[in-house]
file input-v6.csv (CSV, C-alpha atoms (C1' of nucleotides))
chain,number,residue,atom,x,y,z
A,1,MET,CA,-3.8,45.9,2.6
A,2,GLU,CA,-6.6,43.3,3.1
A,3,ASN,CA,-4.9,41.1,0.6
A,4,GLU,CA,-1.9,41.1,2.8
A,5,ILE,CA,-4.0,39.8,5.7
A,6,LEU,CA,-5.2,36.9,3.5
A,7,GLN,CA,-1.6,36.2,2.5
A,8,VAL,CA,-0.5,36.1,6.1
A,9,GLY,CA,-3.4,33.8,6.9
A,10,MET,CA,-2.4,31.4,4.1
A,11,ARG,CA,1.2,31.4,5.4
A,12,LEU,CA,0.0,30.5,8.9
A,13,ILE,CA,-2.0,27.6,7.5
A,14,ASN,CA,1.0,26.4,5.6
A,15,LYS,CA,3.2,26.8,8.7
A,16,TYR,CA,0.7,24.8,10.8
A,17,ASN,CA,0.4,22.1,8.1
A,18,ASN,CA,4.2,21.7,7.9
A,19,LEU,CA,4.4,21.3,11.7
A,20,ASN,CA,1.8,18.7,11.4
A,21,LYS,CA,3.8,16.5,9.0
A,22,LYS,CA,6.5,15.4,11.4
A,23,ALA,CA,6.4,12.3,13.6
A,24,HIS,CA,7.0,12.7,17.4
A,25,TYR,CA,7.1,10.5,20.5
A,26,TYR,CA,4.6,12.3,22.7
A,27,GLY,CA,6.1,10.9,25.8
A,28,VAL,CA,5.9,7.3,24.8
A,29,ASP,CA,8.5,4.8,23.5
A,30,VAL,CA,7.1,4.6,19.9
A,31,LEU,CA,7.3,7.1,17.2
A,32,LEU,CA,3.8,8.4,16.3
A,33,TYR,CA,3.0,9.6,12.8
A,34,PRO,CA,0.6,12.5,12.2
A,35,SER,CA,-2.2,10.2,11.1
A,36,GLU,CA,-1.7,8.1,14.2
A,37,ILE,CA,-1.7,11.0,16.8
A,38,HIS,CA,-4.7,12.4,14.9
A,39,VAL,CA,-6.6,9.2,15.5
A,40,ILE,CA,-5.5,9.0,19.1
A,41,ASP,CA,-6.7,12.5,19.7
A,42,ALA,CA,-10.1,11.6,18.3
A,43,ILE,CA,-10.3,8.4,20.5
A,44,GLY,CA,-9.3,10.4,23.6
A,45,ASP,CA,-11.9,13.0,23.0
A,46,ASN,CA,-14.6,10.4,22.7
A,47,ASN,CA,-13.7,7.1,24.3
A,48,ASP,CA,-15.3,3.8,23.3
A,49,VAL,CA,-15.7,5.0,19.8
A,50,THR,CA,-16.2,2.7,16.8
A,51,THR,CA,-14.3,2.5,13.5
A,52,THR,CA,-17.3,3.9,11.6
A,53,LYS,CA,-17.7,6.8,14.0
A,54,LEU,CA,-14.0,7.7,13.8
A,55,SER,CA,-14.3,7.5,10.0
A,56,MET,CA,-17.1,10.1,10.1
A,57,ASN,CA,-15.5,12.3,12.7
A,58,LEU,CA,-12.2,12.5,10.8
A,59,GLY,CA,-13.6,12.4,7.3
A,60,ILE,CA,-11.6,9.4,6.3
A,61,THR,CA,-12.8,6.1,4.9
A,62,LYS,CA,-13.4,3.1,7.2
A,63,GLY,CA,-10.6,1.3,5.5
A,64,GLY,CA,-8.2,4.1,6.2
A,65,ILE,CA,-9.2,4.2,9.9
A,66,SER,CA,-8.9,0.4,10.2
A,67,GLN,CA,-5.3,0.6,8.9
A,68,THR,CA,-4.2,3.3,11.3
A,69,VAL,CA,-6.1,1.7,14.3
A,70,SER,CA,-4.3,-1.6,13.5
A,71,LYS,CA,-0.9,0.2,13.7
A,72,LEU,CA,-1.8,1.8,17.0
A,73,TYR,CA,-2.9,-1.6,18.3
A,74,GLY,CA,0.4,-3.0,17.3
A,75,LYS,CA,2.2,-0.2,19.1
A,76,GLY,CA,0.2,-0.8,22.3
A,77,LEU,CA,-1.7,2.5,22.4
A,78,ILE,CA,-5.3,1.2,22.1
A,79,ASP,CA,-7.5,-1.6,23.2
A,80,LYS,CA,-10.6,-3.1,21.6
A,81,SER,CA,-13.7,-4.5,23.3
A,82,VAL,CA,-17.1,-5.8,22.2
A,83,GLY,CA,-19.5,-3.0,21.6
A,84,SER,CA,-23.3,-2.8,22.3
A,85,GLY,CA,-24.4,-2.5,18.7
A,86,ILE,CA,-24.4,-5.1,15.9
A,87,ASN,CA,-20.8,-6.1,15.0
A,88,GLU,CA,-19.6,-3.0,16.9
A,89,VAL,CA,-16.1,-2.9,18.3
A,90,TYR,CA,-15.3,-0.2,20.9
A,91,ILE,CA,-11.9,1.4,20.7
A,92,SER,CA,-10.3,2.9,23.8
A,93,LEU,CA,-6.9,4.2,24.8
A,94,THR,CA,-4.5,2.1,26.9
A,95,LYS,CA,-2.4,3.8,29.6
A,96,LYS,CA,0.3,4.4,27.1
A,97,GLY,CA,-2.2,5.8,24.6
A,98,LEU,CA,-3.5,8.1,27.3
A,99,VAL,CA,0.0,9.4,27.9
A,100,ALA,CA,0.4,10.3,24.2
A,101,TYR,CA,-3.0,11.8,24.1
A,102,GLU,CA,-2.3,14.1,27.1
A,103,GLU,CA,1.2,15.0,26.0
A,104,HIS,CA,-0.3,16.1,22.6
A,105,LYS,CA,-3.0,18.1,24.3
A,106,LYS,CA,-0.5,19.7,26.6
A,107,LEU,CA,1.4,21.1,23.7
A,108,HIS,CA,-1.7,22.6,22.2
A,109,ASN,CA,-2.6,24.1,25.6
A,110,VAL,CA,0.4,26.5,25.5
A,111,MET,CA,-1.1,28.2,22.5
A,112,ASN,CA,-4.5,27.9,23.9
A,113,SER,CA,-3.6,29.9,27.0
A,114,ARG,CA,-1.9,32.6,25.1
A,115,LEU,CA,-5.0,32.9,22.9
A,116,SER,CA,-7.2,33.0,26.0
A,117,ALA,CA,-5.2,35.8,27.4
A,118,PHE,CA,-5.4,37.7,24.1
A,119,PHE,CA,-9.2,37.4,23.9
A,120,GLU,CA,-9.6,38.6,27.5
A,121,GLY,CA,-7.6,41.7,26.7
A,122,ILE,CA,-9.6,42.9,23.7
A,123,ASP,CA,-12.9,44.8,23.5
A,124,ASP,CA,-16.3,43.1,22.6
A,125,LYS,CA,-16.5,44.8,19.3
A,126,SER,CA,-13.1,43.4,18.2
A,127,ARG,CA,-14.1,39.9,19.4
A,128,ASP,CA,-17.4,40.1,17.5
A,129,ASN,CA,-15.5,41.1,14.4
A,130,ILE,CA,-13.1,38.2,14.7
A,131,ILE,CA,-16.1,35.8,15.0
A,132,GLY,CA,-17.7,37.5,12.0
A,133,LEU,CA,-14.5,37.1,10.0
A,134,MET,CA,-14.5,33.4,10.8
A,135,HIS,CA,-18.1,33.2,9.8
A,136,ILE,CA,-17.4,34.7,6.4
A,137,ILE,CA,-14.5,32.3,5.8
A,138,ASP,CA,-16.7,29.4,6.8
A,139,GLU,CA,-19.4,30.5,4.4
A,140,GLU,CA,-17.0,30.9,1.5
A,141,LEU,CA,-15.4,27.5,2.1
A,142,THR,CA,-18.8,25.9,2.2
A,143,ARG,CA,-19.8,27.7,-1.0
A,144,MET,CA,-16.6,26.5,-2.7
A,145,GLU,CA,-17.3,23.0,-1.4
A,146,GLU,CA,-20.8,23.0,-2.8
A,147,ASN,CA,-20.0,24.5,-6.1
A,148,ASN,CA,-16.9,22.3,-6.4
A,149,ASP,CA,-15.0,25.6,-7.0
A,150,PHE,CA,-11.3,25.6,-6.3
B,151,MET,CA,-15.4,30.7,25.1
B,152,GLU,CA,-12.0,31.5,23.7
B,153,ASN,CA,-11.5,27.8,23.4
B,154,GLU,CA,-14.4,27.7,21.0
B,155,ILE,CA,-12.8,30.2,18.7
B,156,LEU,CA,-9.7,28.0,18.5
B,157,GLN,CA,-11.9,25.0,17.8
B,158,VAL,CA,-13.7,26.9,15.0
B,159,GLY,CA,-10.3,28.0,13.6
B,160,MET,CA,-9.1,24.4,13.6
B,161,ARG,CA,-12.3,23.3,11.8
B,162,LEU,CA,-11.8,26.0,9.2
B,163,ILE,CA,-8.2,24.8,8.5
B,164,ASN,CA,-9.4,21.2,8.1
B,165,LYS,CA,-12.2,22.4,5.8
B,166,TYR,CA,-9.7,24.3,3.7
B,167,ASN,CA,-7.3,21.3,3.6
B,168,ASN,CA,-10.0,18.9,2.5
B,169,LEU,CA,-11.0,21.2,-0.3
B,170,ASN,CA,-7.4,21.3,-1.3
B,171,LYS,CA,-7.2,17.5,-1.7
B,172,LYS,CA,-9.3,17.2,-4.9
B,173,ALA,CA,-8.0,17.3,-8.5
B,174,HIS,CA,-9.7,19.8,-10.9
B,175,TYR,CA,-9.4,20.8,-14.6
B,176,TYR,CA,-9.0,24.6,-14.1
B,177,GLY,CA,-10.3,25.3,-17.6
B,178,VAL,CA,-7.8,23.1,-19.4
B,179,ASP,CA,-8.1,19.6,-20.9
B,180,VAL,CA,-5.9,17.8,-18.3
B,181,LEU,CA,-6.7,16.9,-14.7
B,182,LEU,CA,-4.5,18.8,-12.3
B,183,TYR,CA,-3.6,17.4,-8.9
B,184,PRO,CA,-3.2,19.6,-5.8
B,185,SER,CA,0.6,19.5,-5.9
B,186,GLU,CA,0.5,20.5,-9.6
B,187,ILE,CA,-1.8,23.5,-9.3
B,188,HIS,CA,0.2,24.6,-6.3
B,189,VAL,CA,3.4,24.6,-8.4
B,190,ILE,CA,1.6,26.3,-11.3
B,191,ASP,CA,0.5,29.0,-8.9
B,192,ALA,CA,4.0,29.5,-7.7
B,193,ILE,CA,5.4,29.8,-11.2
B,194,GLY,CA,2.7,32.2,-12.3
B,195,ASP,CA,3.4,34.4,-9.3
B,196,ASN,CA,7.1,34.6,-10.2
B,197,ASN,CA,7.7,33.8,-13.8
B,198,ASP,CA,11.1,32.4,-15.1
B,199,VAL,CA,11.7,30.8,-11.7
B,200,THR,CA,14.2,28.0,-11.2
B,201,THR,CA,13.7,24.5,-9.6
B,202,THR,CA,15.8,25.6,-6.6
B,203,LYS,CA,13.8,28.8,-6.0
B,204,LEU,CA,10.5,26.9,-6.3
B,205,SER,CA,11.8,24.4,-3.8
B,206,MET,CA,12.5,27.2,-1.3
B,207,ASN,CA,9.3,29.1,-2.0
B,208,LEU,CA,7.1,26.0,-1.5
B,209,GLY,CA,9.2,24.3,1.2
B,210,ILE,CA,9.6,21.1,-0.8
B,211,THR,CA,12.8,19.3,-1.8
B,212,LYS,CA,14.3,20.0,-5.2
B,213,GLY,CA,13.6,16.3,-6.1
B,214,GLY,CA,10.0,16.8,-5.3
B,215,ILE,CA,9.7,19.9,-7.4
B,216,SER,CA,11.5,18.2,-10.2
B,217,GLN,CA,9.0,15.4,-10.3
B,218,THR,CA,6.0,17.7,-10.3
B,219,VAL,CA,7.5,20.0,-12.9
B,220,SER,CA,8.2,17.0,-15.1
B,221,LYS,CA,4.5,16.0,-14.9
B,222,LEU,CA,3.4,19.6,-15.8
B,223,TYR,CA,5.8,19.6,-18.7
B,224,GLY,CA,4.3,16.3,-20.0
B,225,LYS,CA,0.8,17.9,-19.7
B,226,GLY,CA,1.9,20.9,-21.7
B,227,LEU,CA,1.5,23.5,-19.0
B,228,ILE,CA,5.1,24.8,-18.7
B,229,ASP,CA,8.1,25.6,-20.8
B,230,LYS,CA,11.8,25.5,-19.9
B,231,SER,CA,14.5,27.9,-21.1
B,232,VAL,CA,18.2,28.4,-20.4
B,233,GLY,CA,18.7,30.6,-17.4
B,234,SER,CA,21.3,33.3,-16.7
B,235,GLY,CA,23.0,31.6,-13.8
B,236,ILE,CA,25.2,28.5,-13.7
B,237,ASN,CA,23.2,25.4,-14.8
B,238,GLU,CA,20.0,27.3,-14.2
B,239,VAL,CA,16.8,26.5,-16.1
B,240,TYR,CA,14.0,29.0,-16.2
B,241,ILE,CA,10.5,27.6,-15.9
B,242,SER,CA,7.6,29.5,-17.3
B,243,LEU,CA,3.9,28.9,-18.0
B,244,THR,CA,2.7,28.0,-21.5
B,245,LYS,CA,-0.6,29.5,-22.7
B,246,LYS,CA,-2.4,26.5,-21.3
B,247,GLY,CA,-0.5,26.9,-18.1
B,248,LEU,CA,-1.6,30.5,-17.9
B,249,VAL,CA,-5.3,29.5,-18.4
B,250,ALA,CA,-5.0,27.1,-15.4
B,251,TYR,CA,-3.2,29.7,-13.3
B,252,GLU,CA,-5.8,32.4,-13.9
B,253,GLU,CA,-8.8,30.1,-13.5
B,254,HIS,CA,-7.3,29.0,-10.1
B,255,LYS,CA,-6.7,32.6,-9.1
B,256,LYS,CA,-10.3,33.6,-10.1
B,257,LEU,CA,-11.8,31.1,-7.7
B,258,HIS,CA,-9.7,32.6,-4.9
B,259,ASN,CA,-10.7,36.1,-5.8
B,260,VAL,CA,-14.3,35.5,-4.9
B,261,MET,CA,-13.3,35.0,-1.3
B,262,ASN,CA,-10.7,37.8,-1.6
B,263,SER,CA,-13.3,40.3,-2.5
B,264,ARG,CA,-15.7,39.3,0.3
B,265,LEU,CA,-12.8,39.7,2.8
B,266,SER,CA,-11.8,43.0,1.4
B,267,ALA,CA,-15.4,44.2,1.9
B,268,PHE,CA,-15.3,42.9,5.4
B,269,PHE,CA,-12.1,44.7,6.3
B,270,GLU,CA,-13.4,48.0,4.9
B,271,GLY,CA,-16.5,47.7,7.1
B,272,ILE,CA,-14.7,47.3,10.5
B,273,ASP,CA,-13.0,49.9,12.8
B,274,ASP,CA,-9.3,50.3,13.1
B,275,LYS,CA,-9.1,48.8,16.5
B,276,SER,CA,-10.7,45.6,15.3
B,277,ARG,CA,-8.4,45.4,12.4
B,278,ASP,CA,-5.4,45.9,14.6
B,279,ASN,CA,-6.6,43.2,16.9
B,280,ILE,CA,-7.0,40.8,14.1
B,281,ILE,CA,-3.5,41.5,12.9
B,282,GLY,CA,-2.3,41.1,16.6
B,283,LEU,CA,-4.1,37.7,16.8
B,284,MET,CA,-2.3,36.5,13.7
B,285,HIS,CA,1.0,37.7,15.1
B,286,ILE,CA,0.5,35.6,18.3
B,287,ILE,CA,-0.4,32.5,16.2
B,288,ASP,CA,2.7,33.1,14.1
B,289,GLU,CA,4.9,33.4,17.2
B,290,GLU,CA,3.5,30.3,18.8
B,291,LEU,CA,3.9,28.3,15.6
B,292,THR,CA,7.5,29.5,15.3
B,293,ARG,CA,8.1,28.6,18.9
B,294,MET,CA,6.6,25.1,18.4
B,295,GLU,CA,8.8,24.7,15.2
B,296,GLU,CA,11.9,25.7,17.1
B,297,ASN,CA,11.3,23.6,20.2
B,298,ASN,CA,10.1,20.7,18.0
B,299,ASP,CA,6.9,20.9,20.2
B,300,PHE,CA,3.8,19.3,18.7
C,301,DT,C1',44.3,19.4,-14.2
C,302,DC,C1',41.9,18.4,-10.2
C,303,DC,C1',38.7,19.8,-6.7
C,304,DT,C1',34.6,22.0,-5.3
C,305,DA,C1',30.1,24.1,-5.7
C,306,DT,C1',25.9,24.4,-7.8
C,307,DT,C1',22.0,22.9,-10.6
C,308,DG,C1',18.7,19.7,-11.8
C,309,DT,C1',17.4,14.5,-12.2
C,310,DT,C1',16.5,9.9,-11.0
C,311,DT,C1',15.6,6.1,-7.9
C,312,DA,C1',13.9,3.6,-4.1
C,313,DG,C1',11.3,4.0,-0.2
C,314,DT,C1',7.5,6.0,2.9
C,315,DT,C1',3.0,7.9,4.7
C,316,DA,C1',-1.5,8.3,4.1
C,317,DC,C1',-4.8,7.7,2.1
C,318,DT,C1',-9.1,5.6,-1.5
C,319,DA,C1',-12.0,2.1,-3.8
C,320,DA,C1',-13.4,-2.2,-4.0
C,321,DA,C1',-13.9,-6.8,-2.6
C,322,DC,C1',-14.6,-9.4,1.3
C,323,DA,C1',-16.0,-11.7,5.8
C,324,DA,C1',-18.8,-12.0,9.8
C,325,DC,C1',-22.9,-11.4,11.9
C,326,DA,C1',-27.8,-9.8,12.7
C,327,DT,C1',-32.3,-8.6,10.9
C,328,DT,C1',-36.0,-9.0,7.8
C,329,DA,C1',-38.7,-11.1,4.1
C,330,DT,C1',-40.4,-15.1,1.8
D,331,DA,C1',-36.0,-22.4,7.9
D,332,DT,C1',-33.8,-20.3,4.2
D,333,DA,C1',-32.6,-16.5,1.5
D,334,DA,C1',-31.9,-11.7,0.9
D,335,DT,C1',-30.4,-7.4,3.0
D,336,DG,C1',-27.8,-4.4,5.9
D,337,DT,C1',-24.4,-3.5,9.1
D,338,DT,C1',-19.6,-3.7,10.9
D,339,DG,C1',-14.9,-4.0,10.3
D,340,DT,C1',-10.8,-5.8,7.4
D,341,DT,C1',-7.8,-6.6,3.6
D,342,DT,C1',-5.8,-5.7,-0.8
D,343,DA,C1',-4.1,-3.2,-4.7
D,344,DG,C1',-3.3,1.2,-6.3
D,345,DT,C1',-2.2,6.2,-6.0
D,346,DA,C1',-0.4,11.1,-4.7
D,347,DA,C1',3.0,13.4,-2.7
D,348,DC,C1',6.4,13.6,-0.9
D,349,DT,C1',12.0,12.6,1.2
D,350,DA,C1',16.8,11.2,1.1
D,351,DA,C1',20.4,9.9,-1.3
D,352,DA,C1',23.0,9.0,-5.3
D,353,DC,C1',24.0,10.9,-9.5
D,354,DA,C1',25.1,13.8,-13.8
D,355,DA,C1',26.4,18.1,-15.9
D,356,DT,C1',28.6,22.2,-15.8
D,357,DA,C1',31.3,26.2,-14.2
D,358,DG,C1',35.0,28.5,-11.4
D,359,DG,C1',39.0,28.4,-8.6
D,360,DA,C1',43.5,26.3,-6.5

call {"tool": "encode", "arguments": {"input": "input-v6.csv", "output": "structure tokens"}}
result
Amino acid sequence: MENEILQVGMRLINKYNNLNKKAHYYGVDVLLYPSEIHVIDAIGDNNDVTTTKLSMNLGITKGGISQTVSKLYGKGLIDKSVGSGINEVYISLTKKGLVAYEEHKKLHNVMNSRLSAFFEGIDDKSRDNIIGLMHIIDEELTRMEENNDF
Amino acid sequence: MENEILQVGMRLINKYNNLNKKAHYYGVDVLLYPSEIHVIDAIGDNNDVTTTKLSMNLGITKGGISQTVSKLYGKGLIDKSVGSGINEVYISLTKKGLVAYEEHKKLHNVMNSRLSAFFEGIDDKSRDNIIGLMHIIDEELTRMEENNDF
DNA sequence: TCCTATTGTTTAGTTACTAAACAACATTAT
DNA sequence: ATAATGTTGTTTAGTAACTAAACAATAGGA
């Protein structure tokens, strides 16, 4: 019974991950790979960000970010400018980059609005339980991370 | 408010995916990569399975399965036998493969039992709402898949 | 006997990384 | 002033985990 819910949850994660594997245009003239739209998303959420900060935000090494950013620069989606800190380079979206960012966000918003409607329609107890469930999952994942259990 | 729940959900998925990236021993003498333990898990759940069925179950091409299965054979975790169908080859776990399978399952069971306890402690309405929430997410993911929206 | 369908394999290519060495520059210590 | 240290970002070589496409092997039907 409860086991089934976990199974469904796992299936949903796999479904989401598979969707996330394909490249799309996001309203621009260049094909964007998952890693690229992921970085664009992170830049759009926090403009004038540095390579090091992106690296921390996305949990990827600086080298990896540098490579993806380089591709995005070549595709004309980002700009670079001198930052305020030592050796810092600020990364920001070009107009084209902003188009891709917003197109990507828009697609997420469809699901977002359905979920918003759902949460408005349920009672407080149910909502609290859903939050509680997420808390347990978070704790368990943290435990597995710390104990290197998997 | 509801947006925050979605954000937490996304963070949990990322956390889970990052855990899933590391190689582990799972109680045997060879290091098993994520793709390998994933295939072992699928074989253990459905013994005497074929390459084609594994391919369908895991959503990976036959070529990809063939490569991973080949590595697992080299590491001594699986056996092959003549199947009943045309050209079929049955894949099964060796003793060593079973050790890895059960060790992997055991780690998941810790979370499983916490979730079971949680679901026993909540009211029916909350449980129905959680199932309903999963249903909505499933529908939306299917819609995105079909419309190629992402 | 030839054609087709199916199974599994192999090969070449790709994405998305990591680790490590490196370069460029500023700050601090001697 | 010069050397050591600490940052930042880049480049390179290597790897995992695929896919697509060609292929081989085998069985059944026309």

call {"tool": "calpha_fit_and_write", "arguments": {"input": "input-v6.csv", "fixed": "chain B", "moving": "chain A", "output": "compact mmCIF listing (two decimals) with C-alpha atoms, in the coordinates of the input"}}
result
# COMPACT_ATOMS: atom_id res chain seq x y z
CA MET A 1 -15.58 30.66 25.07
CA GLU A 2 -12.07 31.38 23.66
CA ASN A 3 -11.53 27.70 23.34
CA GLU A 4 -14.48 27.57 21.08
CA ILE A 5 -12.88 30.17 18.80
CA LEU A 6 -9.74 27.98 18.55
CA GLN A 7 -11.93 24.97 17.78
CA VAL A 8 -13.71 26.83 15.03
CA GLY A 9 -10.36 27.95 13.65
CA MET A 10 -9.08 24.35 13.57
CA ARG A 11 -12.27 23.26 11.76
CA LEU A 12 -11.76 25.96 9.12
CA ILE A 13 -8.20 24.78 8.55
CA ASN A 14 -9.40 21.24 8.18
CA LYS A 15 -12.19 22.37 5.82
CA TYR A 16 -9.67 24.31 3.69
CA ASN A 17 -7.22 21.37 3.67
CA ASN A 18 -9.94 18.94 2.52
CA LEU A 19 -10.90 21.30 -0.34
CA ASN A 20 -7.33 21.35 -1.27
CA LYS A 21 -7.05 17.57 -1.74
CA LYS A 22 -9.21 17.25 -4.81
CA ALA A 23 -8.01 17.43 -8.42
CA HIS A 24 -9.72 19.93 -10.82
CA TYR A 25 -9.41 21.04 -14.45
CA TYR A 26 -9.02 24.78 -13.99
CA GLY A 27 -10.26 25.48 -17.42
CA VAL A 28 -7.84 23.25 -19.22
CA ASP A 29 -8.17 19.77 -20.79
CA VAL A 30 -5.99 17.94 -18.17
CA LEU A 31 -6.81 17.08 -14.68
CA LEU A 32 -4.52 18.98 -12.25
CA TYR A 33 -3.62 17.53 -8.87
CA PRO A 34 -3.17 19.76 -5.81
CA SER A 35 0.61 19.50 -5.95
CA GLU A 36 0.55 20.43 -9.61
CA ILE A 37 -1.75 23.56 -9.31
CA HIS A 38 0.35 24.53 -6.28
CA VAL A 39 3.46 24.55 -8.41
CA ILE A 40 1.74 26.36 -11.23
CA ASP A 41 0.60 29.03 -8.87
CA ALA A 42 4.15 29.53 -7.67
CA ILE A 43 5.49 29.72 -11.31
CA GLY A 44 2.77 32.24 -12.24
CA ASP A 45 3.54 34.44 -9.34
CA ASN A 46 7.19 34.55 -10.24
CA ASN A 47 7.88 33.67 -13.85
CA ASP A 48 11.23 32.36 -15.07
CA VAL A 49 11.82 30.68 -11.80
CA THR A 50 14.28 27.82 -11.28
CA THR A 51 13.78 24.37 -9.73
CA THR A 52 15.88 25.34 -6.69
CA LYS A 53 13.95 28.56 -6.16
CA LEU A 54 10.59 26.78 -6.37
CA SER A 55 11.95 24.20 -3.91
CA MET A 56 12.70 27.00 -1.42
CA ASN A 57 9.52 28.93 -2.03
CA LEU A 58 7.31 25.87 -1.50
CA GLY A 59 9.41 24.15 1.13
CA ILE A 60 9.75 20.99 -0.83
CA THR A 61 12.90 19.18 -1.89
CA LYS A 62 14.42 19.75 -5.36
CA GLY A 63 13.65 16.20 -6.23
CA GLY A 64 10.02 16.63 -5.37
CA ILE A 65 9.77 19.81 -7.50
CA SER A 66 11.55 18.13 -10.43
CA GLN A 67 8.95 15.32 -10.38
CA THR A 68 5.95 17.61 -10.38
CA VAL A 69 7.53 20.03 -12.99
CA SER A 70 8.14 16.97 -15.24
CA LYS A 71 4.41 16.05 -15.01
CA LEU A 72 3.36 19.58 -15.85
CA TYR A 73 5.76 19.55 -18.80
CA GLY A 74 4.19 16.39 -19.98
CA LYS A 75 0.74 17.92 -19.70
CA GLY A 76 1.80 20.99 -21.72
CA LEU A 77 1.45 23.61 -18.97
CA ILE A 78 5.09 24.80 -18.73
CA ASP A 79 8.08 25.52 -20.84
CA LYS A 80 11.79 25.43 -20.00
CA SER A 81 14.55 27.70 -21.29
CA VAL A 82 18.25 28.23 -20.57
CA GLY A 83 18.76 30.41 -17.58
CA SER A 84 21.46 33.09 -16.90
CA GLY A 85 23.13 31.32 -14.01
CA ILE A 86 25.31 28.19 -13.97
CA ASN A 87 23.26 25.11 -15.02
CA GLU A 88 20.09 27.18 -14.43
CA VAL A 89 16.90 26.27 -16.22
CA TYR A 90 14.08 28.86 -16.27
CA ILE A 91 10.57 27.57 -15.92
CA SER A 92 7.65 29.53 -17.35
CA LEU A 93 3.98 28.93 -18.01
CA THR A 94 2.68 28.12 -21.50
CA LYS A 95 -0.64 29.61 -22.66
CA LYS A 96 -2.43 26.64 -21.30
CA GLY A 97 -0.56 26.92 -18.00
CA LEU A 98 -1.53 30.57 -17.84
CA VAL A 99 -5.17 29.64 -18.26
CA ALA A 100 -5.00 27.24 -15.27
CA TYR A 101 -3.11 29.74 -13.26
CA GLU A 102 -5.74 32.49 -13.83
CA GLU A 103 -8.71 30.19 -13.40
CA HIS A 104 -7.22 29.15 -9.97
CA LYS A 105 -6.65 32.74 -8.99
CA LYS A 106 -10.12 33.69 -10.06
CA LEU A 107 -11.62 31.25 -7.66
CA HIS A 108 -9.60 32.60 -4.79
CA ASN A 109 -10.63 36.15 -5.77
CA VAL A 110 -14.29 35.51 -4.81
CA MET A 111 -13.25 35.02 -1.24
CA ASN A 112 -10.77 37.74 -1.48
CA SER A 113 -13.41 40.32 -2.38
CA ARG A 114 -15.74 39.27 0.32
CA LEU A 115 -12.87 39.59 2.81
CA SER A 116 -12.02 43.02 1.40
CA ALA A 117 -15.52 44.16 1.90
CA PHE A 118 -15.53 42.83 5.48
CA PHE A 119 -12.31 44.66 6.40
CA GLU A 120 -13.62 47.94 4.96
CA GLY A 121 -16.69 47.68 7.13
CA ILE A 122 -14.98 47.24 10.49
CA ASP A 123 -13.37 49.79 12.82
CA ASP A 124 -9.50 50.27 13.13
CA LYS A 125 -9.40 48.85 16.56
CA SER A 126 -11.02 45.57 15.42
CA ARG A 127 -8.62 45.37 12.44
CA ASP A 128 -5.62 45.96 14.71
CA ASN A 129 -6.84 43.20 16.97
CA ILE A 130 -7.21 40.76 14.11
CA ILE A 131 -3.60 41.54 13.02
CA GLY A 132 -2.47 41.11 16.63
CA LEU A 133 -4.25 37.76 16.83
CA MET A 134 -2.42 36.63 13.72
CA HIS A 135 0.80 37.84 15.19
CA ILE A 136 0.33 35.76 18.31
CA ILE A 137 -0.47 32.64 16.27
CA ASP A 138 2.60 33.24 14.16
CA GLU A 139 4.76 33.56 17.24
CA GLU A 140 3.42 30.39 18.81
CA LEU A 141 3.88 28.38 15.61
CA THR A 142 7.42 29.61 15.33
CA ARG A 143 8.07 28.74 18.97
CA MET A 144 6.66 25.24 18.42
CA GLU A 145 8.80 24.95 15.29
CA GLU A 146 11.93 25.91 17.15
CA ASN A 147 11.36 23.84 20.18
CA ASN A 148 10.20 20.92 18.02
CA ASP A 149 7.04 20.95 20.23
CA PHE A 150 3.93 19.38 18.78

call {"tool": "interface_residues", "arguments": {"input": "input-v6.csv", "of": "chain A", "to": "chain C", "cutoff": "10 Å", "atoms": "only C-alpha atoms (C1' of nucleotides)", "output": "ChimeraX atom specification"}}
result
/A:21,33-35,60-61,63-65,67-68,86-87

call {"tool": "write_last_selection", "arguments": {"input": "input-v6.csv", "atoms": "C-alpha atoms", "output": "short mmCIF file (atom, residue, chain, number, x, y, z; two decimals), in the coordinates of the input"}}
result
data_model
loop_
_atom_site.label_atom_id
_atom_site.label_comp_id
_atom_site.auth_asym_id
_atom_site.auth_seq_id
_atom_site.Cartn_x
_atom_site.Cartn_y
_atom_site.Cartn_z
CA LYS A 21 3.80 16.50 9.00
CA TYR A 33 3.00 9.60 12.80
CA PRO A 34 0.60 12.50 12.20
CA SER A 35 -2.20 10.20 11.10
CA ILE A 60 -11.60 9.40 6.30
CA THR A 61 -12.80 6.10 4.90
CA GLY A 63 -10.60 1.30 5.50
CA GLY A 64 -8.20 4.10 6.20
CA ILE A 65 -9.20 4.20 9.90
CA GLN A 67 -5.30 0.60 8.90
CA THR A 68 -4.20 3.30 11.30
CA ILE A 86 -24.40 -5.10 15.90
CA ASN A 87 -20.80 -6.10 15.00
#

call {"tool": "closest_residue", "arguments": {"input": "input-v6.csv", "among": "A:Lys80, A:Arg127, A:His135, A:Lys96", "to": "Arg264 (chain B)", "atoms": "only C-alpha atoms"}}
result
A:His135

call {"tool": "interface_residues", "arguments": {"input": "input-v6.csv", "of": "chain D", "to": "chain B", "cutoff": "10 Å", "atoms": "all atoms listed in the file", "output": "VMD selection string"}}
result
chain D and resid 346 to 350 355 to 357

call {"tool": "interface_residues", "arguments": {"input": "input-v6.csv", "of": "chain A", "to": "chain B", "cutoff": "6 Å", "atoms": "only C-alpha atoms", "output": "list in words"}}
result
Glu2, Leu107, Ser116, Ser126 and Phe150 of chain A

call {"tool": "atom_distance", "arguments": {"input": "input-v6.csv", "atom1": "CA of Lys75 (chain A)", "atom2": "CA of Met56 (chain A)"}}
result
23.7 Å

call {"tool": "atom_distance", "arguments": {"input": "input-v6.csv", "atom1": "CA of Asn47 (chain A)", "atom2": "C1' of DT341 (chain D)"}}
result
25.5 Å
